[in-house]
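Participant: You'll find run.csv just under this line, and it carries CSV, C-alpha atoms.
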chain,number,residue,atom,x,y,z
J,1,MET,CA,152.4,99.5,220.4
J,2,THR,CA,155.0,97.9,222.7
J,3,PHE,CA,156.3,99.5,225.9
J,4,ASN,CA,159.6,100.4,224.2
J,5,ALA,CA,157.8,102.1,221.3
J,6,THR,CA,155.6,104.0,223.7
J,7,LEU,CA,158.6,105.1,225.7
J,8,ARG,CA,160.4,106.2,222.5
J,9,THR,CA,157.4,108.2,221.3
J,10,GLY,CA,157.1,109.8,224.7
J,11,LEU,CA,160.8,110.8,224.8
J,12,ILE,CA,160.6,112.3,221.4
J,13,GLY,CA,157.5,114.2,222.4
J,14,ALA,CA,159.1,115.4,225.6
J,15,LEU,CA,162.3,116.6,223.7
J,16,LEU,CA,160.1,118.5,221.2
J,17,VAL,CA,158.2,120.2,224.1
J,18,MET,CA,161.3,121.0,226.1
J,19,GLY,CA,163.5,121.9,223.1
J,20,GLY,CA,161.1,124.2,221.5
J,21,PRO,CA,161.7,127.3,223.6
J,22,PHE,CA,165.5,127.1,223.2
J,23,VAL,CA,165.5,127.1,219.4
J,24,GLN,CA,162.5,129.4,218.7
J,25,ALA,CA,164.4,132.5,219.7
J,26,GLN,CA,166.0,132.7,216.3
J,27,GLU,CA,163.6,132.7,213.3
J,28,SER,CA,165.1,129.8,211.4
J,29,PHE,CA,163.9,126.5,210.0
J,30,THR,CA,164.8,124.6,213.2
J,31,GLY,CA,163.2,127.4,215.2
J,32,TRP,CA,160.0,127.1,213.2
J,33,LEU,CA,160.1,123.3,213.2
J,34,PHE,CA,160.3,122.9,217.0
J,35,SER,CA,158.3,125.9,218.0
J,36,PHE,CA,154.8,125.5,219.3
J,37,GLU,CA,154.2,129.2,219.0
J,38,ARG,CA,151.5,130.0,216.4
J,39,MET,CA,153.2,131.3,213.2
J,40,LYS,CA,150.3,131.4,210.8
J,41,GLU,CA,150.2,135.2,210.4
J,42,VAL,CA,152.9,137.8,209.9
J,43,LYS,CA,155.8,138.4,212.4
J,44,PRO,CA,154.9,141.4,214.6
J,45,VAL,CA,157.3,144.4,214.4
J,46,SER,CA,159.9,144.1,217.2
J,47,ASN,CA,162.2,147.0,216.3
J,48,ALA,CA,161.5,150.2,218.3
J,49,THR,CA,163.0,152.5,215.6
J,50,TYR,CA,160.9,150.9,212.9
J,51,LEU,CA,157.8,151.2,215.0
J,52,ARG,CA,158.5,154.8,215.9
J,53,GLU,CA,159.6,156.1,212.6
J,54,CYS,CA,157.0,154.3,210.4
J,55,GLY,CA,154.2,154.3,213.0
J,56,ASP,CA,154.4,158.0,213.4
J,57,CYS,CA,152.5,158.5,210.1
J,58,HIS,CA,150.8,155.2,209.3
J,59,LEU,CA,150.5,151.6,210.5
J,60,ALA,CA,154.0,150.2,210.8
J,61,TYR,CA,153.4,147.6,208.2
J,62,GLN,CA,155.2,144.4,209.1
J,63,PRO,CA,158.3,143.7,206.9
J,64,GLY,CA,156.8,140.2,206.2
J,65,LEU,CA,154.1,141.8,204.1
J,66,LEU,CA,156.5,142.5,201.2
J,67,PRO,CA,159.5,140.7,199.7
J,68,ALA,CA,163.0,142.0,200.4
J,69,ARG,CA,163.4,143.4,196.9
J,70,SER,CA,160.4,145.7,197.6
J,71,TRP,CA,161.8,147.0,200.8
J,72,ASP,CA,165.1,147.5,199.0
J,73,VAL,CA,163.4,149.8,196.5
J,74,LEU,CA,161.1,151.6,199.1
J,75,LEU,CA,163.6,152.3,201.9
J,76,THR,CA,166.1,154.6,200.4
J,77,ALA,CA,166.6,158.3,201.0
J,78,GLU,CA,165.7,159.0,197.4
J,79,ALA,CA,162.5,156.9,197.5
J,80,LEU,CA,161.3,158.5,200.7
J,81,HIS,CA,161.3,161.9,199.0
J,82,ASP,CA,158.2,160.6,197.2
J,83,HIS,CA,156.8,158.1,199.6
J,84,PHE,CA,153.4,157.4,197.9
J,85,GLY,CA,152.8,161.1,197.3
J,86,ALA,CA,154.2,162.3,200.6
J,87,HIS,CA,157.7,163.6,201.5
J,88,ALA,CA,159.0,161.5,204.4
J,89,GLU,CA,162.1,162.4,206.3
J,90,VAL,CA,164.1,159.9,208.3
J,91,ASP,CA,167.6,160.6,209.5
J,92,ALA,CA,170.4,158.5,207.9
J,93,SER,CA,171.1,156.3,210.9
J,94,ALA,CA,167.4,155.5,211.6
J,95,LEU,CA,166.9,154.8,207.9
J,96,ASN,CA,169.8,152.3,207.9
J,97,GLU,CA,168.4,150.6,210.9
J,98,ILE,CA,164.9,150.5,209.4
J,99,ARG,CA,166.1,149.2,206.1
J,100,ALA,CA,168.3,146.5,207.7
J,101,TYR,CA,165.4,145.4,209.8
J,102,ALA,CA,162.9,145.3,206.9
J,103,LEU,CA,165.3,143.4,204.7
J,104,ALA,CA,166.1,140.8,207.4
J,105,ASN,CA,162.4,140.2,208.2
J,106,ALA,CA,160.9,140.4,204.7
J,107,ALA,CA,158.4,137.9,203.4
J,108,ASP,CA,160.9,135.8,201.6
J,109,THR,CA,163.1,135.4,204.8
J,110,SER,CA,160.2,134.7,207.1
J,111,TYR,CA,158.7,131.4,208.3
J,112,PHE,CA,155.4,132.9,209.2
J,113,LYS,CA,152.7,131.4,207.0
J,114,ARG,CA,151.1,134.5,205.6
J,115,SER,CA,154.6,135.8,204.7
J,116,ARG,CA,155.4,132.5,203.1
J,117,LYS,CA,152.3,132.8,200.9
J,118,ILE,CA,153.3,136.4,199.9
J,119,ALA,CA,156.8,135.2,199.2
J,120,VAL,CA,155.6,132.4,196.9
J,121,ALA,CA,153.1,134.7,195.2
J,122,THR,CA,155.9,137.3,194.5
J,123,ALA,CA,158.8,135.0,193.7
J,124,THR,CA,158.5,136.0,190.0
J,125,GLY,CA,157.3,139.1,188.2
J,126,PRO,CA,157.9,142.8,188.8
J,127,THR,CA,158.9,144.1,192.2
J,128,PRO,CA,155.7,145.1,194.1
J,129,ARG,CA,155.8,148.6,195.5
J,130,ARG,CA,152.6,148.5,197.4
J,131,ILE,CA,151.1,145.8,199.6
J,132,THR,CA,147.8,146.3,197.9
J,133,GLU,CA,149.4,145.5,194.6
J,134,LEU,CA,150.0,141.9,195.7
J,135,VAL,CA,147.8,139.4,193.8
J,136,TYR,CA,147.3,137.5,197.0
J,137,ILE,CA,146.1,140.6,198.9
J,138,ALA,CA,143.8,141.7,196.0
J,139,ARG,CA,142.3,138.2,195.8
J,140,THR,CA,141.5,138.0,199.5
J,141,HIS,CA,139.7,141.3,199.3
J,142,ARG,CA,138.0,141.0,196.0
J,143,ASN,CA,134.6,140.1,197.4
J,144,ILE,CA,134.4,143.1,199.7
J,145,PRO,CA,132.1,145.8,198.1
J,146,ALA,CA,133.9,149.0,197.2
J,147,ALA,CA,131.3,150.8,199.3
J,148,GLN,CA,132.8,149.2,202.4
J,149,ILE,CA,136.3,150.4,201.6
J,150,VAL,CA,136.8,153.4,199.4
J,151,GLY,CA,133.2,154.5,199.9
J,152,ASN,CA,133.5,154.1,203.6
J,153,ALA,CA,134.5,157.3,205.3
J,154,ALA,CA,135.9,155.3,208.2
J,155,VAL,CA,138.2,153.2,206.0
J,156,LYS,CA,138.8,155.1,202.7
J,157,SER,CA,141.4,152.8,201.3
J,158,LEU,CA,142.5,149.2,201.1
J,159,SER,CA,145.9,150.4,202.4
J,160,GLN,CA,144.4,151.3,205.8
J,161,CYS,CA,144.7,147.7,207.0
J,162,ASP,CA,144.2,148.5,210.7
J,163,LYS,CA,140.8,150.1,210.1
J,164,CYS,CA,139.2,146.7,209.6
J,165,HIS,CA,141.9,144.2,210.8
J,166,THR,CA,141.5,144.9,214.5
J,167,ARG,CA,144.8,143.1,215.3
J,168,ALA,CA,146.9,144.4,212.4
J,169,SER,CA,149.4,146.0,214.7
J,170,ARG,CA,150.2,142.6,216.0
J,171,GLY,CA,150.5,141.1,212.6
J,172,ILE,CA,147.2,139.2,212.7
J,173,TYR,CA,145.1,139.5,209.5
J,174,ASP,CA,142.8,136.5,209.7
J,175,ASN,CA,139.1,136.7,208.9
J,176,ASP,CA,138.1,136.1,212.5
J,177,THR,CA,139.5,139.5,213.6
J,178,VAL,CA,138.0,141.6,210.9
J,179,VAL,CA,135.4,144.2,211.8
J,180,ILE,CA,134.6,146.7,209.1
J,181,PRO,CA,133.6,150.0,210.7
J,182,ARG,CA,130.4,151.5,209.4
J,183,LEU,CA,128.6,154.7,209.9
J,184,ALA,CA,125.3,154.3,211.9
J,185,ASP,CA,122.2,154.6,209.8
J,186,ARG,CA,120.9,158.1,209.8
J,187,PRO,CA,117.5,158.6,211.6
L,1,MET,CA,159.1,160.3,210.4
L,2,ARG,CA,157.4,163.4,209.3
L,3,ALA,CA,155.2,163.7,206.2
L,4,ASP,CA,153.7,166.5,204.3
L,5,GLY,CA,152.0,166.9,201.0
L,6,PRO,CA,148.5,166.0,199.6
L,7,TRP,CA,148.5,162.8,201.7
L,8,SER,CA,149.1,164.4,205.0
L,9,ASP,CA,145.4,164.5,206.1
L,10,LEU,CA,145.0,160.8,205.4
L,11,LEU,CA,148.3,159.9,207.1
L,12,ALA,CA,147.2,161.8,210.2
L,13,LEU,CA,143.9,160.0,210.1
L,14,SER,CA,145.7,156.6,210.2
L,15,GLN,CA,147.8,157.4,213.3
L,16,ALA,CA,148.1,155.0,216.2
L,17,ASP,CA,144.5,154.9,217.6
L,18,PRO,CA,142.2,153.3,215.0
L,19,GLY,CA,139.1,154.0,217.0
L,20,LEU,CA,140.0,157.7,217.1
L,21,ALA,CA,140.8,157.7,213.4
L,22,SER,CA,137.4,156.2,212.7
L,23,GLN,CA,135.7,158.8,214.9
L,24,ASN,CA,137.6,161.5,212.9
L,25,ALA,CA,136.4,159.9,209.7
L,26,ALA,CA,132.8,159.9,210.9
L,27,ALA,CA,133.2,163.5,211.9
L,28,ALA,CA,134.3,164.3,208.4
L,29,VAL,CA,130.9,163.3,207.1
L,30,PRO,CA,128.3,165.8,208.1
L,31,GLY,CA,125.7,164.3,210.4
L,32,ALA,CA,127.4,160.9,210.5
L,33,VAL,CA,127.8,158.9,213.6
L,34,LEU,CA,130.1,155.9,213.8
L,35,ALA,CA,128.2,152.7,214.6
L,36,PRO,CA,129.4,150.9,217.7
L,37,PRO,CA,132.0,148.4,216.6
L,38,ALA,CA,131.1,144.8,216.4
L,39,LYS,CA,133.2,142.4,218.4
L,40,PRO,CA,135.0,139.5,216.8
L,41,ALA,CA,133.4,136.1,217.5
L,42,LEU,CA,134.8,134.2,220.4
L,43,PHE,CA,134.5,130.8,218.7
L,44,THR,CA,134.7,130.6,215.0
L,45,GLY,CA,134.6,128.0,212.2
L,46,SER,CA,138.4,128.2,212.1
L,47,ASP,CA,138.5,127.2,215.7
L,48,VAL,CA,136.2,124.2,215.0
L,49,HIS,CA,138.6,123.1,212.2
L,50,LYS,CA,141.7,123.6,214.4
L,51,TYR,CA,140.4,121.6,217.3
L,52,LEU,CA,139.1,118.8,215.1
L,53,GLY,CA,142.5,118.5,213.4
L,54,LEU,CA,144.4,118.5,216.8
L,55,GLY,CA,141.9,116.0,218.1
L,56,THR,CA,142.5,113.7,215.2
L,57,VAL,CA,146.2,113.7,215.8
L,58,VAL,CA,145.6,112.9,219.5
L,59,LEU,CA,143.3,110.1,218.5
L,60,VAL,CA,145.8,108.6,216.1
L,61,GLY,CA,148.3,108.4,218.9
L,62,LEU,CA,145.7,106.8,221.3
L,63,THR,CA,144.7,104.3,218.6
L,64,ALA,CA,148.3,103.3,217.9
L,65,ALA,CA,148.9,103.0,221.7
L,66,THR,CA,146.0,100.6,222.1
L,67,ALA,CA,146.9,98.4,219.1
L,68,PRO,CA,147.0,94.8,220.3
L,69,GLY,CA,149.8,93.8,218.0
L,70,GLY,CA,149.7,90.8,215.7
L,71,GLY,CA,146.4,91.9,214.3
L,72,CYS,CA,144.2,90.5,217.1
L,73,GLU,CA,143.2,91.2,220.6
L,74,HIS,CA,144.6,89.5,223.8
L,75,ASN,CA,145.0,85.7,223.8
L,76,CYS,CA,144.5,85.6,220.1
L,77,THR,CA,145.2,82.2,218.5
L,78,SER,CA,144.9,81.0,215.0
L,79,ASN,CA,141.5,79.5,215.9
L,80,THR,CA,140.1,82.7,217.5
L,81,PRO,CA,138.1,84.9,215.2
L,82,ARG,CA,139.8,88.3,214.7
L,83,GLN,CA,138.0,91.1,216.6
L,84,THR,CA,137.1,94.0,214.3
L,85,SER,CA,134.7,95.8,216.6
L,86,GLY,CA,134.0,96.3,220.3
L,87,THR,CA,137.6,96.8,221.4
L,88,THR,CA,139.2,100.0,222.6
L,89,HIS,CA,141.5,100.0,219.5
L,90,THR,CA,138.7,99.5,217.0
L,91,ARG,CA,136.5,102.1,218.7
L,92,LEU,CA,139.3,104.7,218.8
L,93,ALA,CA,140.1,103.9,215.1
L,94,ARG,CA,136.6,104.6,214.0
L,95,ALA,CA,136.5,107.8,216.0
L,96,THR,CA,139.8,108.8,214.5
L,97,ALA,CA,138.5,108.2,211.0
L,98,ALA,CA,135.3,110.1,211.7
L,99,MET,CA,137.1,113.0,213.2
L,100,ALA,CA,139.6,113.1,210.2
L,101,ALA,CA,136.6,113.2,207.8
L,102,ALA,CA,135.0,116.0,209.9
L,103,THR,CA,138.3,117.9,209.9
L,104,VAL,CA,138.5,117.8,206.1
L,105,THR,CA,134.9,118.8,205.7
L,106,SER,CA,135.1,121.7,208.1
L,107,GLY,CA,138.4,122.9,206.4
L,108,LEU,CA,136.7,122.9,203.0
L,109,LEU,CA,133.7,124.8,204.4
L,110,VAL,CA,135.6,127.4,206.4
L,111,HIS,CA,138.8,127.9,204.4
L,112,TRP,CA,137.5,127.3,200.9
L,113,ASP,CA,139.0,130.5,199.6
L,114,ASP,CA,142.4,130.0,201.1
L,115,PHE,CA,143.8,127.6,198.6
L,116,HIS,CA,144.2,128.0,194.9
L,117,LEU,CA,145.8,125.4,192.7
L,118,LYS,CA,147.4,127.9,190.5
L,119,ASP,CA,149.6,129.0,193.4
L,120,GLY,CA,151.4,125.7,193.1
L,121,LEU,CA,152.7,123.2,195.5
L,122,SER,CA,155.0,125.6,197.3
L,123,ASP,CA,152.0,127.5,198.7
L,124,PRO,CA,151.6,126.5,202.4
L,125,ASP,CA,147.8,126.4,202.3
L,126,ASN,CA,147.9,124.1,199.2
L,127,GLN,CA,150.4,121.8,201.0
L,128,HIS,CA,148.1,121.8,204.1
L,129,VAL,CA,145.1,120.7,202.0
L,130,LEU,CA,147.0,118.0,200.1
L,131,LEU,CA,148.6,116.5,203.2
L,132,GLY,CA,145.5,116.8,205.3
L,133,LEU,CA,143.3,115.2,202.6
L,134,ALA,CA,145.9,112.4,201.9
L,135,GLY,CA,146.2,111.7,205.6
L,136,SER,CA,142.5,111.4,206.1
L,137,ILE,CA,142.2,109.1,203.1
L,138,LEU,CA,145.0,106.9,204.4
L,139,MET,CA,143.3,106.7,207.8
L,140,LEU,CA,139.9,105.8,206.3
L,141,TYR,CA,141.6,103.2,204.1
L,142,ALA,CA,143.4,101.6,207.1
L,143,VAL,CA,140.1,101.3,209.1
L,144,ASN,CA,138.2,100.0,206.1
L,145,LYS,CA,140.9,97.5,205.3
L,146,SER,CA,141.1,96.2,208.8
L,147,MET,CA,137.4,96.0,209.5
L,148,HIS,CA,136.7,94.0,206.4
L,149,SER,CA,139.4,91.4,207.0
L,150,ALA,CA,138.9,88.2,208.8
L,151,VAL,CA,142.6,87.5,209.1
L,152,PRO,CA,145.4,89.8,210.5
L,153,THR,CA,146.1,92.4,207.9
L,154,GLN,CA,148.8,95.0,207.6
L,155,HIS,CA,147.0,98.3,208.1
L,156,ALA,CA,148.9,100.2,210.8
L,157,VAL,CA,151.4,101.7,208.4
L,158,PHE,CA,148.6,103.4,206.4
L,159,ALA,CA,147.1,104.8,209.5
L,160,GLU,CA,150.5,106.0,210.9
L,161,VAL,CA,151.6,107.6,207.7
L,162,GLY,CA,148.1,109.2,207.5
L,163,GLY,CA,148.4,110.5,211.0
L,164,ALA,CA,151.9,111.8,210.3
L,165,ALA,CA,150.7,113.5,207.1
L,166,MET,CA,148.0,115.3,209.1
L,167,ALA,CA,150.4,116.4,211.8
L,168,VAL,CA,152.7,117.9,209.2
L,169,ALA,CA,149.7,119.5,207.5
L,170,ILE,CA,148.8,121.2,210.8
L,171,LYS,CA,152.4,122.3,211.4
L,172,LEU,CA,152.7,123.9,208.0
L,173,THR,CA,149.9,126.3,208.8
L,174,TRP,CA,150.2,126.5,212.6
Please go through the file and, once you have read it, give me the structure as structure tokens.
Facilitator:
Amino acid sequence: MTFNATLRTGLIGALLVMGGPFVQAQESFTGWLFSFERMKEVKPVSNATYLRECGDCHLAYQPGLLPARSWDVLLTAEALHDHFGAHAEVDASALNEIRAYALANAADTSYFKRSRKIAVATATGPTPRRITELVYIARTHRNIPAAQIVGNAAVKSLSQCDKCHTRASRGIYDNDTVVIPRLADRP
Amino acid sequence: MRADGPWSDLLALSQADPGLASQNAAAAVPGAVLAPPAKPALFTGSDVHKYLGLGTVVLVGLTAATAPGGGCEHNCTSNTPRQTSGTTHTRLARATAAMAAATVTSGLLVHWDDFHLKDGLSDPDNQHVLLGLAGSILMLYAVNKSMHSAVPTQHAVFAEVGGAAMAVAIKLTW
């Protein structure tokens, strides 16, 4: 490699390093391309209203876990009257904010890898209403014995992500951070 | 958000503190005690694969930077035998090829269940596997082609394209 080529490579590298932080603020293709931030998981929730209103009752599931058409169905005043068997109440302005945030950060608008996988897997077919309905999610959990989920008093359901995914609240769902809680053996 | 109905107990259980929720769950089973939680491993197979991949890209850059140009080392003339071992460039090239092979092997072992052909080419993990594998094969081909040639041979383009493919593969799942 000649000196000029080395210099050119170095300059491009320096531009990438220095330019990254300026373009990563906005989640976009260029933001993703030039960012050195790890984006292999799901974008953490950054909206206070979403965190408060959803997190009051359950894990504030990241919008990147479902495509926009799912949130479009789930986050309406009518749908919340029967929110998976519960009657959930959210005032109109908060619901508007939550809905807008979820639609803007849904799996099919995200550049985070796990969201992109979900978006690809749900691009066709019926609109999923539950995260646990996703083929991708079902497949990644298929080898876990039922006794460790539904038969486990400390977990109870596949929908309780944060019981085993210790960093679920930060949008991290990789295998390395999974700890399945278990009851101690009785004496 | 407030919730009531048959789900309310479960919803309450899942509130903010997962540790507390688990303790509640344990308390719900008579005589049960929650085992102390295991801690996630500090260094995992995924980390090994990650650092091998990053190391390969760094070595590709170093190998390119130490290339003598013209297919031979310093003071090469038409009568001087081409050096295919013992130089910085050839040593780095072999190390790069070995590390690329180790990266692919570790990826297959650690992330075997992350890619499925039926998800198609738009799945980022499938793209990662294809590009990483293609990049490694190109690097191995470049090294093999050069080390078995007694005359200057065009091999850099294969290695550089291979390195670029591996860099893109890393970025796609970074």
Participant: Identify every residue of chain J that has at least one atom within 9 Å of any atom of chain L, counting only C-alpha atoms, and report the result as a PyMOL selection string.
Facilitator: chain J and resi 1-2+5-6+33+36-41+52-59+83-91+112-114+116-117+120-121+140+152-156+160+162-163+166+176-186
Participant: Of the candidates L:Leu138, L:Val60, L:Met147, L:Val48, which one gets nearest to Thr105 in chain L if we count all atoms listed in the file?
Facilitator: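 Nearest to Thr105 in chain L: L:Val48.
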Participant: Would you mind telling me which residue in J:Arg129, J:Asn47, J:Ile118, J:Asn105 lies nearest to Ala79 in chain J when using all atoms listed in the file?
Facilitator: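 Nearest candidate to Ala79 in chain J out of J:Arg129, J:Asn47, J:Ile118, J:Asn105: J:Arg129.
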Participant: How many Å lie between CA of Val73 in chain J and CA of Cys164 in chain J, rounded to one decimal?
Facilitator: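 One can read the CA of Val73 in chain J to CA of Cys164 in chain J distance as 27.7 Å.
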Participant: Neighbouring residues of Pro67 in chain J were defined as those with any atom within 10 Å, considering only C-alpha atoms; residues of the same chain fewer than 2 positions away were excluded. Please report them as a ChimeraX atom specification.
Facilitator: /J:63-65,69-72,102-103,105-110,115-116,118-123,127-129,131
Participant: What is the CA of Ser28 in chain J to CA of Ala92 in chain J distance in Å?
Facilitator: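 Answer for the CA of Ser28 in chain J to CA of Ala92 in chain J separation: 29.4 Å.
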